[in-house]
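> Below you'll find my_file-v4.pdb; it's PDB, C-alpha atoms.
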MODEL        1
ATOM      1  CA  MET O 138      63.635 -15.946  50.420
ATOM      2  CA  LYS O 139      61.259 -13.979  52.679
ATOM      3  CA  LEU O 140      64.205 -12.140  54.213
ATOM      4  CA  LEU O 141      65.432 -11.114  50.760
ATOM      5  CA  PHE O 142      61.906 -10.016  49.795
ATOM      6  CA  ASP O 143      61.569  -7.990  53.005
ATOM      7  CA  MET O 144      64.944  -6.361  52.332
ATOM      8  CA  PHE O 145      64.136  -5.520  48.695
ATOM      9  CA  PRO O 146      63.502  -1.766  49.298
ATOM     10  CA  LEU O 147      66.654  -1.518  51.418
ATOM     11  CA  ILE O 148      68.757  -3.183  48.705
ATOM     12  CA  VAL O 149      67.294  -0.844  46.082
ATOM     13  CA  PHE O 150      67.938   2.145  48.370
ATOM     14  CA  PHE O 151      71.568   1.130  48.890
ATOM     15  CA  GLY O 152      72.215   0.494  45.192
ATOM     16  CA  ALA O 153      70.662   3.803  44.147
ATOM     17  CA  PHE O 154      72.658   5.638  46.804
ATOM     18  CA  LYS O 155      75.941   4.110  45.661
ATOM     19  CA  PHE O 156      75.293   5.060  42.017
ATOM     20  CA  TYR O 157      73.474   8.377  42.509
ATOM     21  CA  ASP O 158      72.623  10.251  45.711
ATOM     22  CA  ILE O 159      70.427  10.162  48.800
ATOM     23  CA  PHE O 160      67.467  11.778  47.010
ATOM     24  CA  THR O 161      67.480   9.300  44.127
ATOM     25  CA  ALA O 162      67.925   6.484  46.634
ATOM     26  CA  THR O 163      64.959   7.734  48.634
ATOM     27  CA  ALA O 164      62.738   7.889  45.536
ATOM     28  CA  ALA O 165      63.900   4.413  44.511
ATOM     29  CA  ALA O 166      63.117   3.051  47.998
ATOM     30  CA  ILE O 167      59.608   4.519  47.883
ATOM     31  CA  ILE O 168      58.953   2.922  44.490
ATOM     32  CA  ALA O 169      60.486  -0.385  45.635
ATOM     33  CA  THR O 170      58.255  -0.406  48.719
ATOM     34  CA  PHE O 171      55.145   0.132  46.577
ATOM     35  CA  ILE O 172      56.303  -2.737  44.352
ATOM     36  CA  GLN O 173      56.937  -4.928  47.403
ATOM     37  CA  VAL O 174      53.437  -4.294  48.776
ATOM     38  CA  GLY O 175      51.914  -4.919  45.343
ATOM     39  CA  ILE O 176      53.747  -8.212  44.851
ATOM     40  CA  PHE O 177      52.794  -9.379  48.335
ATOM     41  CA  TRP O 178      49.151  -8.506  47.657
ATOM     42  CA  ALA O 179      49.187 -10.280  44.276
ATOM     43  CA  LYS O 180      50.601 -13.464  45.818
ATOM     44  CA  ASN O 181      48.686 -13.548  49.117
ATOM     45  CA  ARG O 182      45.576 -11.387  48.620
ATOM     46  CA  ARG O 183      46.356  -9.639  51.881
ATOM     47  CA  PHE O 184      48.734  -7.005  53.195
ATOM     48  CA  GLU O 185      51.473  -7.522  55.758
ATOM     49  CA  THR O 186      51.333  -4.942  58.535
ATOM     50  CA  THR O 187      55.069  -4.241  58.544
ATOM     51  CA  HIS O 188      55.063  -3.636  54.784
ATOM     52  CA  ILE O 189      52.168  -1.170  55.065
ATOM     53  CA  LEU O 190      53.750   0.573  58.051
ATOM     54  CA  THR O 191      57.031   0.898  56.163
ATOM     55  CA  LEU O 192      55.227   2.110  53.037
ATOM     56  CA  VAL O 193      53.414   4.862  54.923
ATOM     57  CA  ILE O 194      56.498   6.009  56.818
ATOM     58  CA  ILE O 195      58.838   5.961  53.820
ATOM     59  CA  SER O 196      56.232   7.723  51.690
ATOM     60  CA  VAL O 197      55.828  10.507  54.257
ATOM     61  CA  PHE O 198      59.452  10.915  55.345
ATOM     62  CA  GLY O 199      60.891  10.067  51.934
ATOM     63  CA  GLY O 200      58.418  12.399  50.273
ATOM     64  CA  LEU O 201      59.468  15.230  52.598
ATOM     65  CA  THR O 202      63.125  14.436  51.891
ATOM     66  CA  ILE O 203      62.595  14.721  48.145
ATOM     67  CA  LEU O 204      60.173  17.660  48.259
ATOM     68  CA  LEU O 205      62.300  19.769  50.613
ATOM     69  CA  LYS O 206      65.688  18.465  49.378
ATOM     70  CA  ASP O 207      66.654  17.726  52.985
ATOM     71  CA  ASP O 208      67.910  14.275  54.008
ATOM     72  CA  VAL O 209      67.029  14.874  57.664
ATOM     73  CA  PHE O 210      63.604  13.314  57.118
ATOM     74  CA  ILE O 211      64.825  10.030  55.611
ATOM     75  CA  LYS O 212      67.432   9.770  58.361
ATOM     76  CA  TRP O 213      64.635   9.884  60.946
ATOM     77  CA  LYS O 214      62.693   7.042  59.267
ATOM     78  CA  PRO O 215      64.562   4.073  60.864
ATOM     79  CA  THR O 216      64.206   5.654  64.291
ATOM     80  CA  ILE O 217      60.471   6.200  63.825
ATOM     81  CA  VAL O 218      59.979   2.594  62.651
ATOM     82  CA  ASN O 219      62.041   1.137  65.508
ATOM     83  CA  TRP O 220      60.338   3.301  68.117
ATOM     84  CA  LEU O 221      56.914   2.361  66.724
ATOM     85  CA  PHE O 222      57.811  -1.326  67.035
ATOM     86  CA  SER O 223      58.976  -0.709  70.590
ATOM     87  CA  GLY O 224      55.805   1.227  71.388
ATOM     88  CA  VAL O 225      53.568  -1.528  70.026
ATOM     89  CA  ILE O 226      55.439  -4.162  72.029
ATOM     90  CA  ILE O 227      55.270  -2.113  75.244
ATOM     91  CA  GLY O 228      51.632  -1.179  74.634
ATOM     92  CA  MET O 229      50.623  -4.792  74.162
ATOM     93  CA  LEU O 230      52.586  -5.812  77.253
ATOM     94  CA  LEU O 231      50.752  -3.247  79.332
ATOM     95  CA  PHE O 232      47.260  -3.287  77.836
ATOM     96  CA  ALA O 233      46.604  -6.486  75.833
ATOM     97  CA  LYS O 234      45.846 -10.056  76.835
ATOM     98  CA  SER O 235      48.842 -11.398  74.950
ATOM     99  CA  SER O 236      52.206  -9.858  74.185
ATOM    100  CA  ALA O 237      53.186  -8.772  70.672
ATOM    101  CA  LEU O 238      55.634 -11.616  70.083
ATOM    102  CA  GLU O 239      53.241 -14.171  71.549
ATOM    103  CA  PHE O 240      50.562 -12.843  69.176
ATOM    104  CA  VAL O 241      52.939 -13.272  66.220
ATOM    105  CA  MET O 242      54.707 -16.517  67.208
ATOM    106  CA  GLY O 243      52.354 -18.101  69.733
ATOM    107  CA  LYS O 244      50.852 -20.528  67.223
ATOM    108  CA  GLN O 245      54.280 -22.013  66.464
ATOM    109  CA  ILE O 246      55.878 -22.149  69.915
ATOM    110  CA  ALA O 247      54.717 -22.405  73.489
ATOM    111  CA  LEU O 248      56.501 -20.455  76.196
ATOM    112  CA  PRO O 249      55.680 -19.719  79.818
ATOM    113  CA  ASN O 250      54.239 -16.227  80.346
ATOM    114  CA  PRO O 251      57.333 -14.898  82.165
ATOM    115  CA  VAL O 252      59.496 -15.927  79.198
ATOM    116  CA  TRP O 253      57.149 -14.176  76.752
ATOM    117  CA  ARG O 254      57.318 -11.038  78.910
ATOM    118  CA  THR O 255      61.121 -11.129  79.121
ATOM    119  CA  LEU O 256      61.409 -11.678  75.381
ATOM    120  CA  ASN O 257      59.051  -8.780  74.637
ATOM    121  CA  TRP O 258      60.794  -6.392  77.030
ATOM    122  CA  ALA O 259      64.146  -7.341  75.492
ATOM    123  CA  TRP O 260      62.906  -6.576  71.958
ATOM    124  CA  ALA O 261      61.213  -3.355  73.077
ATOM    125  CA  LEU O 262      64.462  -2.176  74.666
ATOM    126  CA  PHE O 263      66.464  -3.294  71.623
ATOM    127  CA  PHE O 264      64.240  -1.290  69.256
ATOM    128  CA  LEU O 265      64.465   1.773  71.519
ATOM    129  CA  VAL O 266      68.261   1.577  71.611
ATOM    130  CA  LEU O 267      68.531   0.893  67.865
ATOM    131  CA  GLY O 268      66.378   3.941  67.131
ATOM    132  CA  GLY O 269      68.567   6.072  69.384
ATOM    133  CA  LEU O 270      71.720   4.694  67.798
ATOM    134  CA  ASN O 271      70.353   5.618  64.365
ATOM    135  CA  LEU O 272      69.874   9.220  65.530
ATOM    136  CA  TYR O 273      73.388   9.316  66.938
ATOM    137  CA  ILE O 274      74.975   8.057  63.699
ATOM    138  CA  ALA O 275      72.753  10.258  61.519
ATOM    139  CA  PHE O 276      73.211  13.534  63.382
ATOM    140  CA  TYR O 277      76.032  13.414  65.940
ATOM    141  CA  TYR O 278      78.684  10.956  64.746
ATOM    142  CA  GLN O 279      81.640  12.583  62.944
ATOM    143  CA  PRO O 280      80.412  16.181  63.290
ATOM    144  CA  GLU O 281      83.600  17.497  61.662
ATOM    145  CA  ALA O 282      83.192  15.370  58.515
ATOM    146  CA  ALA O 283      81.766  16.696  55.263
ATOM    147  CA  PRO O 284      77.995  16.219  54.858
ATOM    148  CA  GLU O 285      78.506  13.684  52.039
ATOM    149  CA  ILE O 286      80.770  11.568  54.275
ATOM    150  CA  ARG O 287      78.295  11.743  57.156
ATOM    151  CA  THR O 288      75.452  10.676  54.874
ATOM    152  CA  GLU O 289      77.499   7.791  53.467
ATOM    153  CA  THR O 290      78.385   6.692  57.004
ATOM    154  CA  TRP O 291      74.714   6.781  57.954
ATOM    155  CA  VAL O 292      73.645   4.794  54.850
ATOM    156  CA  ASN O 293      76.269   2.118  55.595
ATOM    157  CA  PHE O 294      75.118   1.991  59.222
ATOM    158  CA  LYS O 295      71.458   1.743  58.159
ATOM    159  CA  VAL O 296      72.078  -1.003  55.613
ATOM    160  CA  PHE O 297      74.751  -3.123  57.282
ATOM    161  CA  TRP O 298      74.985  -2.357  60.984
ATOM    162  CA  MET O 299      71.282  -2.126  61.767
ATOM    163  CA  PHE O 300      70.663  -5.402  59.948
ATOM    164  CA  GLY O 301      73.703  -7.051  61.571
ATOM    165  CA  LEU O 302      72.762  -5.895  65.063
ATOM    166  CA  THR O 303      69.200  -7.137  64.573
ATOM    167  CA  MET O 304      70.408 -10.548  63.369
ATOM    168  CA  ALA O 305      72.890 -10.823  66.258
ATOM    169  CA  PHE O 306      70.168  -9.917  68.751
ATOM    170  CA  ALA O 307      67.795 -12.459  67.192
ATOM    171  CA  ILE O 308      70.459 -15.166  67.495
ATOM    172  CA  LEU O 309      71.000 -14.277  71.153
ATOM    173  CA  GLN O 310      67.246 -14.545  71.669
ATOM    174  CA  MET O 311      67.284 -18.021  70.125
ATOM    175  CA  PHE O 312      69.830 -19.160  72.700
ATOM    176  CA  TYR O 313      67.622 -17.752  75.453
ATOM    177  CA  LEU O 314      64.503 -19.374  73.991
ATOM    178  CA  SER O 315      66.157 -22.756  73.478
ATOM    179  CA  LYS O 316      65.986 -23.332  77.240
ATOM    180  CA  HIS O 317      62.259 -22.703  77.369
ATOM    181  CA  ILE O 318      60.766 -23.560  73.980
ATOM    182  CA  GLU O 319      58.124 -26.200  73.383
ATOM    183  CA  LEU O 320      57.190 -26.723  69.722
ATOM    184  CA  LYS O 321      53.488 -26.909  69.041
ATOM    185  CA  GLU O 322      52.180 -29.662  66.821
ATOM    186  CA  ASP O 323      50.517 -28.553  63.584
ATOM    187  CA  PRO O 324      46.953 -29.938  63.488
TER     188      PRO O 324
ENDMDL
END
Represent the structure from my file as C-alpha cells, please.

Amino acid sequence: MKLLFDMFPLIVFFGAFKFYDIFTATAAAIIATFIQVGIFWAKNRRFETTHILTLVIISVFGGLTILLKDDVFIKWKPTIVNWLFSGVIIGMLLFAKSSALEFVMGKQIALPNPVWRTLNWAWALFFLVLGGLNLYIAFYYQPEAAPEIRTETWVNFKVFWMFGLTMAFAILQMFYLSKHIELKEDP
C-alpha cells in the first residue's frame, strides 16, 4: 500500500499524459504531490523527507515547464532527484557517522560496516547512472523522431523503466544482503 501511495503522483502524471499532454500531466503531478503530502501529514502528523523533496522539485521544475511551455524542465526532474539521492548517500558516507541506508534501515537490520558501505556505494552509483540514463532518453535517444514521440518515449521510460530498474536493483541488493543480514529484535 505504501508503494502505491508513494507512486500516486507518478500514476496521476501518466494518466494525465495519456489523455492530454505533458503540460496537463505536469500540473496534475504537482497537484497530486501536494495531495500526497497533505494526506501523509493528516495521517501521521509529520512529513516524509522524500515527499517534501519531490514536492519542492516538481513544483519548481514543473512550474517552469508550465510557465515557459517547455518540457525540458520536467524532463530534468528525475535526474535532479536521483542525483540528489546519490549526493546525500555519498555525503553521508564521507562526512557522517553512519551511512544513509544505515540511518534509514539500521533499526530493523544489523550489518557489518563494510556491508553498509558497499550497499551505500552501490545505491549511490545506481542513482547516478539512473539520472544519466534519464538525460539520455529525454534528450539524446531517437533524435530523428518527432518531439511528441520523443516525449512519449521519455514518459514511458520514466514511468515503467525507471521503476522497473529500481525494483530489479533492489531485488539484487536483497540477494547480496541475505548473506550478511541479522534481524534485530523489536523491544
> List the spatial neighbours of O:Arg254 as a ChimeraX atom specification - criterion: any atom at most 10 Å away, all atoms listed in the file, same-chain residues fewer than 4 positions off excluded.
/O:226-227,230,235-239,248-250,258-260
> Write out as a ChimeraX atom specification each polymer residue whose atoms come within 10 Å of O:Lys295, counting only C-alpha atoms; drop sequence neighbours fewer than 3 positions from it.
/O:147,151,212,215,271,274-275,289-292,298-301
> Store the residues picked out above in a file with C-alpha atoms, as a PDB file, in the frame of the given file.

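After the write, selection_12.pdb holds the following:
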ATOM      1  CA  LEU O 147      66.654  -1.518  51.418  1.00  0.00           C
ATOM      2  CA  PHE O 151      71.568   1.130  48.890  1.00  0.00           C
ATOM      3  CA  LYS O 212      67.432   9.770  58.361  1.00  0.00           C
ATOM      4  CA  PRO O 215      64.562   4.073  60.864  1.00  0.00           C
ATOM      5  CA  ASN O 271      70.353   5.618  64.365  1.00  0.00           C
ATOM      6  CA  ILE O 274      74.975   8.057  63.699  1.00  0.00           C
ATOM      7  CA  ALA O 275      72.753  10.258  61.519  1.00  0.00           C
ATOM      8  CA  GLU O 289      77.499   7.791  53.467  1.00  0.00           C
ATOM      9  CA  THR O 290      78.385   6.692  57.004  1.00  0.00           C
ATOM     10  CA  TRP O 291      74.714   6.781  57.954  1.00  0.00           C
ATOM     11  CA  VAL O 292      73.645   4.794  54.850  1.00  0.00           C
ATOM     12  CA  TRP O 298      74.985  -2.357  60.984  1.00  0.00           C
ATOM     13  CA  MET O 299      71.282  -2.126  61.767  1.00  0.00           C
ATOM     14  CA  PHE O 300      70.663  -5.402  59.948  1.00  0.00           C
ATOM     15  CA  GLY O 301      73.703  -7.051  61.571  1.00  0.00           C
TER      16      GLY O 301
END
> Report as a list in words the residues that result from applying the PyMOL selection byres ((chain O and resi 170-180) around 8) to the structure here.
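That selection, the PyMOL selection byres ((chain O and resi 170-180) around 8), comes back as Phe142, Asp143, Phe145, Pro146, Ala166, Ile167, Ile168, Ala169, Asn181, Arg182, Arg183, Phe184, Glu185, His188, Ile189, Thr191 and Leu192 of chain O.
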> Print the selection's residues with C-alpha atoms to a file, as a PDB file, in the coordinates of the input.

ATOM      1  CA  PHE O 142      61.906 -10.016  49.795  1.00  0.00           C
ATOM      2  CA  ASP O 143      61.569  -7.990  53.005  1.00  0.00           C
ATOM      3  CA  PHE O 145      64.136  -5.520  48.695  1.00  0.00           C
ATOM      4  CA  PRO O 146      63.502  -1.766  49.298  1.00  0.00           C
ATOM      5  CA  ALA O 166      63.117   3.051  47.998  1.00  0.00           C
ATOM      6  CA  ILE O 167      59.608   4.519  47.883  1.00  0.00           C
ATOM      7  CA  ILE O 168      58.953   2.922  44.490  1.00  0.00           C
ATOM      8  CA  ALA O 169      60.486  -0.385  45.635  1.00  0.00           C
ATOM      9  CA  ASN O 181      48.686 -13.548  49.117  1.00  0.00           C
ATOM     10  CA  ARG O 182      45.576 -11.387  48.620  1.00  0.00           C
ATOM     11  CA  ARG O 183      46.356  -9.639  51.881  1.00  0.00           C
ATOM     12  CA  PHE O 184      48.734  -7.005  53.195  1.00  0.00           C
ATOM     13  CA  GLU O 185      51.473  -7.522  55.758  1.00  0.00           C
ATOM     14  CA  HIS O 188      55.063  -3.636  54.784  1.00  0.00           C
ATOM     15  CA  ILE O 189      52.168  -1.170  55.065  1.00  0.00           C
ATOM     16  CA  THR O 191      57.031   0.898  56.163  1.00  0.00           C
ATOM     17  CA  LEU O 192      55.227   2.110  53.037  1.00  0.00           C
TER      18      LEU O 192
END
> If you measure from atom CA of O:Phe276 to atom CA of O:Val225, what distance in Å do you get, rounded to one decimal?
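About the pair atom CA of O:Phe276 and atom CA of O:Val225: they are 25.6 Å apart.
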> Could you check which of O:Phe198, O:Lys139, O:Asp208, O:Gly268 is closest to O:Arg287, using only C-alpha atoms?
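The shortest atom-to-atom distance to O:Arg287 comes from O:Asp208.
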> Please, what distance in Å, to one decimal, runs between atom CA of O:Tyr157 and atom CA of O:Thr216?
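Atom-to-atom, atom CA of O:Tyr157 to atom CA of O:Thr216, that is 23.8 Å.
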> Atom CA of O:Thr303 and atom CA of O:Phe263, how far apart in Å?
8.5 Å
> Could you check the closest approach to O:Trp220 for each of O:Val266, O:Met242, O:Leu204, O:Ile195 and tell me which residue wins, using all atoms listed in the file?
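The shortest atom-to-atom distance to O:Trp220 comes from O:Val266.
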> From the set O:Leu270, O:Leu262, O:Ala165, O:Leu256, which residue has the shortest atom-to-atom contact distance to O:Leu314, counting all atoms listed in the file?
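Among the listed residues, the smallest separation from O:Leu314 belongs to O:Leu256.
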> Using only C-alpha atoms, can you tell me which of O:Asn219, O:Thr288, O:Gln310, O:Ser196 comes closest to O:Ile159?
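When distances to O:Ile159 are compared using only C-alpha atoms, the smallest one comes from O:Thr288.
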